[in-house]
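Okay, protein-v2.tsv now, which holds TSV, C-alpha atoms:
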chain	number	residue	atom	x	y	z
A	1	MET	CA	6.64	-64.95	-46.43
A	2	SER	CA	4.54	-66.05	-49.42
A	3	MET	CA	2.00	-68.01	-47.36
A	4	SER	CA	1.55	-65.13	-44.90
A	5	VAL	CA	1.15	-62.68	-47.79
A	6	ARG	CA	-1.62	-64.80	-49.32
A	7	ILE	CA	-3.38	-65.10	-45.95
A	8	VAL	CA	-3.24	-61.36	-45.25
A	9	LEU	CA	-3.66	-59.88	-48.74
A	10	GLY	CA	-5.68	-62.56	-50.52
A	11	ASN	CA	-6.79	-61.69	-54.04
A	12	ALA	CA	-5.25	-58.22	-53.74
A	13	THR	CA	-1.70	-59.62	-53.62
A	14	ASP	CA	-0.73	-58.78	-57.21
A	15	GLU	CA	-2.15	-55.25	-56.97
A	16	VAL	CA	-0.31	-54.72	-53.67
A	17	LYS	CA	2.99	-55.89	-55.18
A	18	LYS	CA	2.69	-53.21	-57.86
A	19	ALA	CA	1.79	-50.59	-55.25
A	20	VAL	CA	4.80	-51.52	-53.10
A	21	LYS	CA	7.18	-51.24	-56.05
A	22	PHE	CA	5.73	-47.86	-56.98
A	23	ALA	CA	6.01	-46.66	-53.36
A	24	ASN	CA	9.63	-47.79	-53.01
A	25	ASP	CA	10.53	-45.95	-56.22
A	26	GLY	CA	8.80	-42.83	-54.90
A	27	LEU	CA	10.48	-43.16	-51.52
A	28	ARG	CA	13.95	-43.35	-53.08
A	29	GLU	CA	13.25	-40.23	-55.12
A	30	LYS	CA	11.91	-38.38	-52.06
A	31	LEU	CA	14.87	-39.30	-49.84
A	32	ALA	CA	17.35	-38.44	-52.61
A	33	ALA	CA	15.74	-35.01	-52.94
A	34	ILE	CA	16.02	-34.51	-49.18
A	35	LYS	CA	19.70	-35.46	-49.28
A	36	ARG	CA	20.34	-33.02	-52.15
A	37	GLY	CA	18.63	-30.28	-50.18
A	38	GLN	CA	15.74	-29.93	-52.63
A	39	VAL	CA	13.38	-30.82	-49.76
A	40	ALA	CA	14.10	-29.27	-46.39
A	41	LYS	CA	13.82	-32.39	-44.23
A	42	LYS	CA	11.85	-35.55	-43.66
A	43	SER	CA	8.36	-35.08	-42.30
A	44	GLY	CA	5.30	-37.20	-41.75
A	45	SER	CA	3.31	-35.43	-44.44
A	46	ARG	CA	6.01	-35.83	-47.12
A	47	LEU	CA	6.70	-39.51	-46.50
A	48	ARG	CA	3.02	-40.27	-45.97
A	49	SER	CA	2.24	-38.75	-49.37
A	50	VAL	CA	4.36	-41.48	-50.99
A	51	LEU	CA	2.13	-44.07	-49.36
A	52	ARG	CA	-1.20	-42.41	-50.14
A	53	SER	CA	-0.40	-42.34	-53.83
A	54	SER	CA	0.03	-46.13	-53.75
A	55	SER	CA	-2.94	-47.13	-51.56
A	56	VAL	CA	-5.17	-50.14	-52.25
A	57	GLN	CA	-8.60	-50.85	-50.80
A	58	ILE	CA	-8.76	-54.34	-49.28
A	59	GLY	CA	-12.18	-55.06	-47.84
A	60	SER	CA	-13.04	-52.44	-45.22
A	61	TYR	CA	-9.43	-51.24	-44.93
A	62	LEU	CA	-7.20	-48.92	-46.90
A	63	TYR	CA	-3.81	-50.60	-47.32
A	64	MET	CA	-0.68	-48.53	-47.87
A	65	PRO	CA	2.71	-50.09	-48.71
A	66	GLY	CA	4.87	-51.17	-45.82
A	67	GLY	CA	2.11	-52.59	-43.62
A	68	HIS	CA	0.14	-49.37	-43.10
A	69	TRP	CA	-3.57	-50.08	-42.52
A	70	LYS	CA	-6.46	-47.65	-41.98
A	71	PRO	CA	-10.15	-48.58	-41.64
A	72	ILE	CA	-12.48	-47.03	-44.20
A	73	ASN	CA	-15.91	-47.45	-42.62
A	74	CYS	CA	-15.12	-45.85	-39.26
A	75	ARG	CA	-12.86	-43.24	-37.73
A	76	PRO	CA	-10.25	-45.20	-35.77
A	77	ARG	CA	-9.81	-44.20	-32.15
A	78	TRP	CA	-6.07	-44.86	-32.18
A	79	LYS	CA	-3.06	-44.73	-34.48
A	80	VAL	CA	-0.69	-47.47	-33.34
A	81	ALA	CA	2.90	-48.17	-34.40
A	82	ILE	CA	4.09	-51.71	-33.73
A	83	ILE	CA	7.88	-51.64	-33.42
A	84	ILE	CA	9.64	-54.98	-33.87
A	85	PRO	CA	13.38	-54.81	-33.08
A	86	PHE	CA	15.25	-57.70	-34.64
A	87	ARG	CA	18.25	-59.10	-36.47
A	88	ASP	CA	18.49	-62.28	-38.57
A	89	ARG	CA	14.89	-63.20	-37.79
A	90	TYR	CA	13.27	-62.96	-41.20
A	91	HIS	CA	11.82	-66.45	-40.74
A	92	HIS	CA	9.84	-65.17	-37.72
A	93	LEU	CA	8.49	-61.95	-39.26
A	94	PRO	CA	5.96	-63.56	-41.64
A	95	ILE	CA	4.59	-65.75	-38.87
A	96	ILE	CA	3.91	-62.92	-36.44
A	97	LEU	CA	2.46	-60.69	-39.18
A	98	ARG	CA	0.15	-63.48	-40.33
A	99	TYR	CA	-1.49	-63.40	-36.89
A	100	LEU	CA	-1.20	-59.76	-35.85
A	101	THR	CA	-2.46	-58.09	-39.05
A	102	PRO	CA	-5.91	-59.74	-39.11
A	103	MET	CA	-6.21	-59.34	-35.33
A	104	LEU	CA	-5.55	-55.59	-35.38
A	105	LYS	CA	-7.92	-55.17	-38.32
A	106	ARG	CA	-10.66	-56.90	-36.33
A	107	GLN	CA	-9.90	-54.43	-33.52
A	108	LEU	CA	-10.57	-51.57	-36.00
A	109	LEU	CA	-7.26	-49.85	-35.31
A	110	GLU	CA	-5.16	-47.75	-37.65
A	111	PHE	CA	-1.72	-49.32	-37.45
A	112	THR	CA	1.69	-49.84	-39.02
A	113	PHE	CA	4.35	-52.50	-38.58
A	114	PHE	CA	7.96	-51.30	-38.39
A	115	ALA	CA	10.68	-53.97	-38.35
A	116	VAL	CA	13.77	-52.19	-37.01
A	117	GLU	CA	16.80	-54.17	-38.07
A	118	GLN	CA	20.27	-53.94	-36.51
A	119	ALA	CA	22.52	-53.87	-39.58
A	120	ASN	CA	25.84	-54.96	-38.04
A	121	ARG	CA	27.39	-57.88	-36.15
A	122	ASP	CA	27.89	-56.12	-32.82
A	123	LEU	CA	26.03	-57.47	-29.79
A	124	PHE	CA	22.29	-57.00	-30.19
A	125	ASN	CA	20.86	-53.81	-28.65
A	126	ARG	CA	17.09	-54.15	-28.43
A	127	ALA	CA	16.41	-50.92	-26.50
A	128	MET	CA	18.45	-48.71	-28.82
A	129	LEU	CA	16.55	-50.14	-31.78
A	130	MET	CA	13.33	-49.25	-29.93
A	131	ASN	CA	14.52	-45.63	-29.75
A	132	VAL	CA	15.29	-45.67	-33.47
A	133	GLY	CA	11.90	-47.19	-34.25
A	134	PHE	CA	10.09	-44.56	-32.21
A	135	LEU	CA	11.89	-41.64	-33.84
A	136	GLU	CA	11.71	-42.97	-37.39
A	137	ALA	CA	8.04	-43.96	-37.17
A	138	LEU	CA	7.21	-40.33	-36.44
A	139	ASN	CA	8.49	-39.49	-39.93
A	140	PHE	CA	5.31	-41.12	-41.25
A	141	THR	CA	2.52	-39.91	-38.97
A	142	ARG	CA	1.76	-38.78	-35.41
A	143	TYR	CA	1.09	-42.13	-33.76
A	144	ASP	CA	-0.81	-42.09	-30.48
A	145	CYS	CA	1.06	-45.01	-28.98
A	146	PHE	CA	3.82	-47.49	-29.68
A	147	ILE	CA	3.83	-51.21	-28.99
A	148	PHE	CA	7.28	-52.76	-28.76
A	149	HIS	CA	6.88	-56.37	-29.80
A	150	ASP	CA	9.33	-59.26	-29.75
A	151	VAL	CA	9.32	-60.92	-33.16
A	152	ASP	CA	8.67	-64.40	-31.77
A	153	HIS	CA	5.59	-63.76	-29.55
A	154	ILE	CA	2.18	-64.77	-30.95
A	155	PRO	CA	-0.97	-63.66	-29.04
A	156	HIS	CA	-3.74	-66.18	-28.38
A	157	ASP	CA	-6.82	-63.99	-28.29
A	158	ASP	CA	-8.31	-61.05	-30.25
A	159	ARG	CA	-9.56	-59.61	-26.96
A	160	ASN	CA	-5.97	-58.71	-26.10
A	161	TYR	CA	-6.59	-55.14	-27.26
A	162	TYR	CA	-3.67	-53.33	-28.94
A	163	GLY	CA	-5.23	-49.88	-28.68
A	164	CYS	CA	-3.72	-47.08	-26.59
A	165	THR	CA	-5.76	-47.50	-23.40
A	166	GLY	CA	-4.22	-48.21	-20.02
A	167	MET	CA	-0.66	-47.32	-20.92
A	168	PRO	CA	2.06	-47.96	-19.93
A	169	ARG	CA	0.85	-51.51	-20.53
A	170	HIS	CA	2.35	-54.97	-20.31
A	171	PHE	CA	0.39	-57.08	-22.75
A	172	LEU	CA	1.18	-60.62	-21.70
A	173	SER	CA	0.17	-62.57	-18.61
A	174	GLY	CA	2.14	-65.68	-19.55
A	175	VAL	CA	3.79	-67.62	-22.37
A	176	ASP	CA	3.93	-71.27	-23.24
A	177	ARG	CA	7.67	-71.65	-22.51
A	178	TRP	CA	7.00	-70.57	-18.87
A	179	ASN	CA	3.86	-72.72	-18.51
A	180	TYR	CA	1.74	-69.61	-19.20
A	181	LYS	CA	3.23	-67.61	-16.39
A	182	LEU	CA	5.64	-64.67	-16.29
A	183	MET	CA	9.38	-65.13	-15.79
A	184	TYR	CA	9.03	-63.00	-12.63
A	185	GLU	CA	6.25	-60.87	-11.16
A	186	ASP	CA	7.32	-57.41	-12.36
A	187	PHE	CA	8.62	-58.56	-15.75
A	188	PHE	CA	8.14	-55.76	-18.32
A	189	GLY	CA	9.48	-57.23	-21.53
A	190	ALA	CA	8.43	-59.01	-24.77
A	191	VAL	CA	5.29	-56.95	-25.57
A	192	THR	CA	4.91	-53.51	-23.97
A	193	GLY	CA	3.14	-50.31	-24.91
A	194	LEU	CA	3.52	-46.62	-24.10
A	195	THR	CA	1.98	-43.45	-25.48
A	196	ARG	CA	4.05	-40.99	-27.47
A	197	ASP	CA	4.14	-38.52	-24.56
A	198	GLN	CA	5.08	-41.21	-22.03
A	199	ILE	CA	8.08	-42.25	-24.11
A	200	VAL	CA	9.30	-38.65	-24.20
A	201	GLN	CA	8.63	-38.32	-20.45
A	202	ILE	CA	10.93	-41.27	-19.59
A	203	ASN	CA	13.59	-40.14	-22.11
A	204	GLY	CA	12.92	-43.17	-24.27
A	205	PHE	CA	14.98	-46.28	-23.65
A	206	PRO	CA	18.58	-46.96	-22.58
A	207	ASN	CA	21.20	-47.11	-25.33
A	208	VAL	CA	23.83	-48.96	-23.29
A	209	TYR	CA	22.60	-52.56	-23.06
A	210	TRP	CA	24.61	-54.50	-25.64
A	211	GLY	CA	23.64	-58.17	-25.43
A	212	TRP	CA	20.67	-60.00	-23.95
A	213	GLY	CA	18.86	-58.87	-20.79
A	214	GLY	CA	18.58	-55.90	-18.46
A	215	GLU	CA	16.98	-53.30	-20.72
A	216	ASP	CA	13.38	-54.31	-19.94
A	217	ASP	CA	14.05	-53.96	-16.19
A	218	GLU	CA	15.48	-50.49	-16.70
A	219	ILE	CA	12.51	-49.47	-18.85
A	220	ARG	CA	10.20	-50.53	-16.01
A	221	MET	CA	12.34	-48.52	-13.57
A	222	ARG	CA	12.10	-45.47	-15.85
A	223	VAL	CA	8.32	-45.79	-15.91
A	224	GLU	CA	8.16	-46.10	-12.12
A	225	GLU	CA	10.55	-43.17	-11.65
A	226	ALA	CA	8.14	-41.04	-13.73
A	227	HIS	CA	5.26	-42.13	-11.43
A	228	LEU	CA	3.43	-43.83	-14.27
A	229	ASN	CA	1.22	-46.78	-13.35
A	230	ILE	CA	1.74	-49.95	-15.39
A	231	THR	CA	-1.40	-51.81	-16.46
A	232	ARG	CA	-0.80	-55.55	-16.48
A	233	ALA	CA	-2.81	-58.03	-18.52
A	234	LYS	CA	-4.50	-60.85	-16.63
A	235	GLY	CA	-5.66	-64.34	-17.49
A	236	PRO	CA	-5.75	-66.50	-20.64
A	237	ILE	CA	-6.77	-63.59	-22.89
A	238	ALA	CA	-3.18	-62.35	-22.60
A	239	PHE	CA	-1.41	-65.67	-23.20
A	240	TYR	CA	1.24	-65.85	-25.93
A	241	ASP	CA	3.07	-68.66	-27.68
A	242	VAL	CA	6.76	-68.28	-28.50
A	243	ILE	CA	7.93	-69.40	-31.95
A	244	HIS	CA	10.60	-72.07	-31.70
A	245	HIS	CA	14.07	-70.64	-32.31
A	246	HIS	CA	16.42	-72.03	-34.93
A	247	HIS	CA	19.48	-70.14	-33.74
A	248	ASN	CA	21.43	-69.46	-30.57
A	249	ARG	CA	20.23	-66.76	-28.21
A	250	ALA	CA	22.26	-63.54	-28.19
A	251	PRO	CA	25.04	-63.46	-25.58
A	252	PRO	CA	24.02	-61.82	-22.29
A	253	ALA	CA	24.84	-58.20	-21.52
A	254	LEU	CA	27.64	-58.83	-19.00
A	255	ASP	CA	27.33	-55.36	-17.45
A	256	ARG	CA	23.53	-55.43	-17.11
A	257	PHE	CA	23.53	-55.67	-13.30
A	258	SER	CA	25.98	-52.80	-12.82
A	259	LEU	CA	24.00	-50.70	-15.32
A	260	LEU	CA	20.81	-51.29	-13.36
A	261	GLU	CA	22.59	-50.23	-10.16
A	262	THR	CA	23.64	-46.91	-11.73
A	263	PHE	CA	20.24	-46.30	-13.33
A	264	ARG	CA	19.32	-43.14	-11.39
A	265	THR	CA	22.60	-41.34	-12.10
A	266	ARG	CA	22.49	-42.16	-15.79
A	267	TYR	CA	19.02	-42.37	-17.29
A	268	ARG	CA	18.39	-38.64	-17.74
A	269	GLY	CA	21.39	-38.51	-20.07
A	270	ASP	CA	20.89	-41.87	-21.76
A	271	GLY	CA	17.99	-42.32	-24.15
A	272	LEU	CA	16.31	-40.07	-26.68
A	273	ASN	CA	18.39	-37.07	-25.72
A	274	ASN	CA	21.79	-38.58	-26.54
A	275	ILE	CA	21.07	-41.09	-29.28
A	276	VAL	CA	23.06	-40.68	-32.49
A	277	TYR	CA	22.84	-43.07	-35.43
A	278	PRO	CA	23.45	-43.05	-39.19
A	279	GLU	CA	20.57	-42.39	-41.56
A	280	PRO	CA	18.54	-45.61	-41.71
A	281	THR	CA	17.59	-47.40	-44.91
A	282	TYR	CA	13.83	-47.66	-45.44
A	283	THR	CA	12.23	-50.42	-47.48
A	284	PHE	CA	8.49	-50.90	-47.91
A	285	ASN	CA	7.65	-54.59	-47.88
A	286	LEU	CA	4.27	-56.15	-48.50
A	287	LEU	CA	3.41	-56.54	-44.82
A	288	TYR	CA	5.81	-54.21	-42.99
A	289	THR	CA	8.22	-51.29	-43.28
A	290	ASN	CA	11.84	-52.31	-42.77
A	291	VAL	CA	14.10	-49.77	-41.07
A	292	SER	CA	17.71	-50.96	-41.27
A	293	VAL	CA	20.25	-49.08	-39.15
A	294	ASP	CA	23.93	-49.52	-38.26
A	295	ILE	CA	23.78	-48.48	-34.61
A	296	LYS	CA	27.00	-47.63	-32.78
A	297	ARG	CA	27.98	-47.58	-29.12
A	298	ILE	CA	27.18	-44.45	-27.13
A	299	TYR	CA	28.81	-43.60	-23.81
A	300	PRO	CA	26.47	-41.36	-21.78
A	301	SER	CA	27.89	-38.83	-19.37
A	302	GLY	CA	25.05	-39.18	-16.88
A	303	VAL	CA	24.07	-35.51	-17.20
A	304	GLU	CA	21.34	-33.79	-19.15
A	305	MET	CA	22.20	-33.61	-22.85
A	306	ARG	CA	20.63	-32.43	-26.07
A	307	SER	CA	20.97	-34.11	-29.44
A	308	THR	CA	19.76	-33.81	-32.99
A	309	ALA	CA	17.32	-36.65	-32.27
A	310	VAL	CA	15.53	-34.63	-29.58
A	311	THR	CA	15.53	-31.55	-31.78
A	312	LYS	CA	13.92	-33.52	-34.60
A	313	LEU	CA	11.41	-35.00	-32.16
A	314	ARG	CA	10.36	-31.55	-30.96
A	315	ASP	CA	9.97	-30.44	-34.58
A	316	ARG	CA	7.43	-33.23	-35.09
A	317	GLN	CA	5.28	-32.39	-32.06
Would it be possible to restate this file's structure as structure tokens?
Amino acid sequence: MSMSVRIVLGNATDEVKKAVKFANDGLREKLAAIKRGQVAKKSGSRLRSVLRSSSVQIGSYLYMPGGHWKPINCRPRWKVAIIIPFRDRYHHLPIILRYLTPMLKRQLLEFTFFAVEQANRDLFNRAMLMNVGFLEALNFTRYDCFIFHDVDHIPHDDRNYYGCTGMPRHFLSGVDRWNYKLMYEDFFGAVTGLTRDQIVQINGFPNVYWGWGGEDDEIRMRVEEAHLNITRAKGPIAFYDVIHHHHNRAPPALDRFSLLETFRTRYRGDGLNNIVYPEPTYTFNLLYTNVSVDIKRIYPSGVEMRSTAVTKLRDRQ
């Protein structure tokens, strides 16, 4: 991480380290007060205040701990949350942030990186972590759109715009491991974006895919079921390289094909409106906000449901 920190933060590194420590101390105090009932509940304004008090100007941007960046010399058109679901991939995080942070600054966006970590040894559940990232990011500010980004995908070109236009959007036209092509024509994984309202419209993402594969196909099916048109990137501008892995891929989701077959009878009761998870642990890092959560298996009934997650989401609207 140290090399990436020096590349991104430069001469401001020492000042940022102090700001991050101060912000983490303030965050712990704020969350403890919430737990004791001294503060009614988490909200964007309360958690954002912890960050504002620790801000540092770096060039033409205002940096706030945890990888929150806001341009100073212009009013940004979009507020973007980049959600990175992962586990045991801390060697990949600094590489992707080394490339994405300068790129998004050159695009004059206001943005934040959230690394949403699965804090258990169960099979990996990428889509459920995406739901958690969406809901928890809204505790900081009212983002216009959310980009769900695999931790190992590095974009080639600054012209691959990460703003909120043309969503739902599939950001890549090809990757090096597939000879700069897609795995299949309607692939909707790796790097995708939706607006806040679109995510609510499709009931977020499925919570039932434990293991590798299937969830990105269901997300595409949810988008199509809602009659939303996917914008697909074209040409070399949207090429990505994949960081070489130093570990075994997660085991496949053995029930992924049967889950896709039952999609229409299940998706309205499987997503934002039935998700339940323990209170996550927040940590502000120099280049990103870590959200660590011990997700558990959920068994949807296939009928319309309401949950505390949806209630909290409506409170934030």
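Atom CA of Leu47 of chain A lies 26.6 Å from atom CA of Thr192 of chain A.
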Residue contacts of Tyr162 of chain A (9 Å, all atoms listed in the file) excluding same-chain residues fewer than 5 positions away, as a list in words: Val80, Leu104, Gln107, Leu109, Ile147, Phe171 and Gly193 of chain A
What separation in Å, quoted to one decimal, exists between atom CA of Asn73 of chain A and atom CA of Asp197 of chain A?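 Separation of atom CA of Asn73 of chain A and atom CA of Asp197 of chain A: 28.4 Å.
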Just give me the gap between atom CA of Leu100 of chain A and atom CA of Glu185 of chain A in Å, one decimal is fine. 25.8 Å
From the set A:Gln201, A:Asn11, A:Ala233, A:Val208, which residue has the shortest atom-to-atom contact distance to Asp186 of chain A, counting all atoms listed in the file?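 Residue with the minimum atom-to-atom distance to Asp186 of chain A: A:Ala233.
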Residues at most 6 Å from Asp150 of chain A, counting all atoms listed in the file, excluding those fewer than 2 positions away in the same chain, as a VMD selection string? chain A and resid 84 152 to 153 190
Polymer residues at most 12 Å from Pro252 of chain A, all atoms listed in the file, same-chain spacing of 3 or more positions, as a PyMOL selection string: chain A and resi 123-125+209-215+248-249+255-257
Go through A:Met1, A:Val200, A:Leu172, A:Leu182 one by one, measure the shortest atom-to-atom distance of each to Leu93 of chain A using only C-alpha atoms, and give the residue with the smallest value.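 Selected residue with least distance to Leu93 of chain A: A:Met1.
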Quick one: residues within 12 Å of Arg266 of chain A, only C-alpha atoms, excluding same-chain residues fewer than 2 positions away - as a list of chain:residue names?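 The contact residues come out as A:Asn203, A:Phe205, A:Pro206, A:Asn207, A:Val208, A:Glu218, A:Arg222, A:Ser258, A:Leu259, A:Leu260, A:Glu261, A:Thr262, A:Phe263, A:Arg264, A:Arg268, A:Gly269, A:Asp270, A:Gly271, A:Asn273, A:Asn274, A:Tyr299, A:Pro300, A:Ser301, A:Gly302, A:Val303, A:Glu304, A:Met305.
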Tell me, as number ranges by chain, which residues lie within 10 Å of Ser60 of chain A, counting all atoms listed in the file; anything in the same chain fewer than 4 positions away does not count. A: 70-74, 105, 108
Of the listed residues A:Arg98, A:Arg196, A:His91, A:His227, that which approaches Ile7 of chain A most closely, counting all atoms listed in the file: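 Of all the options, A:Arg98 lies closest to Ile7 of chain A.
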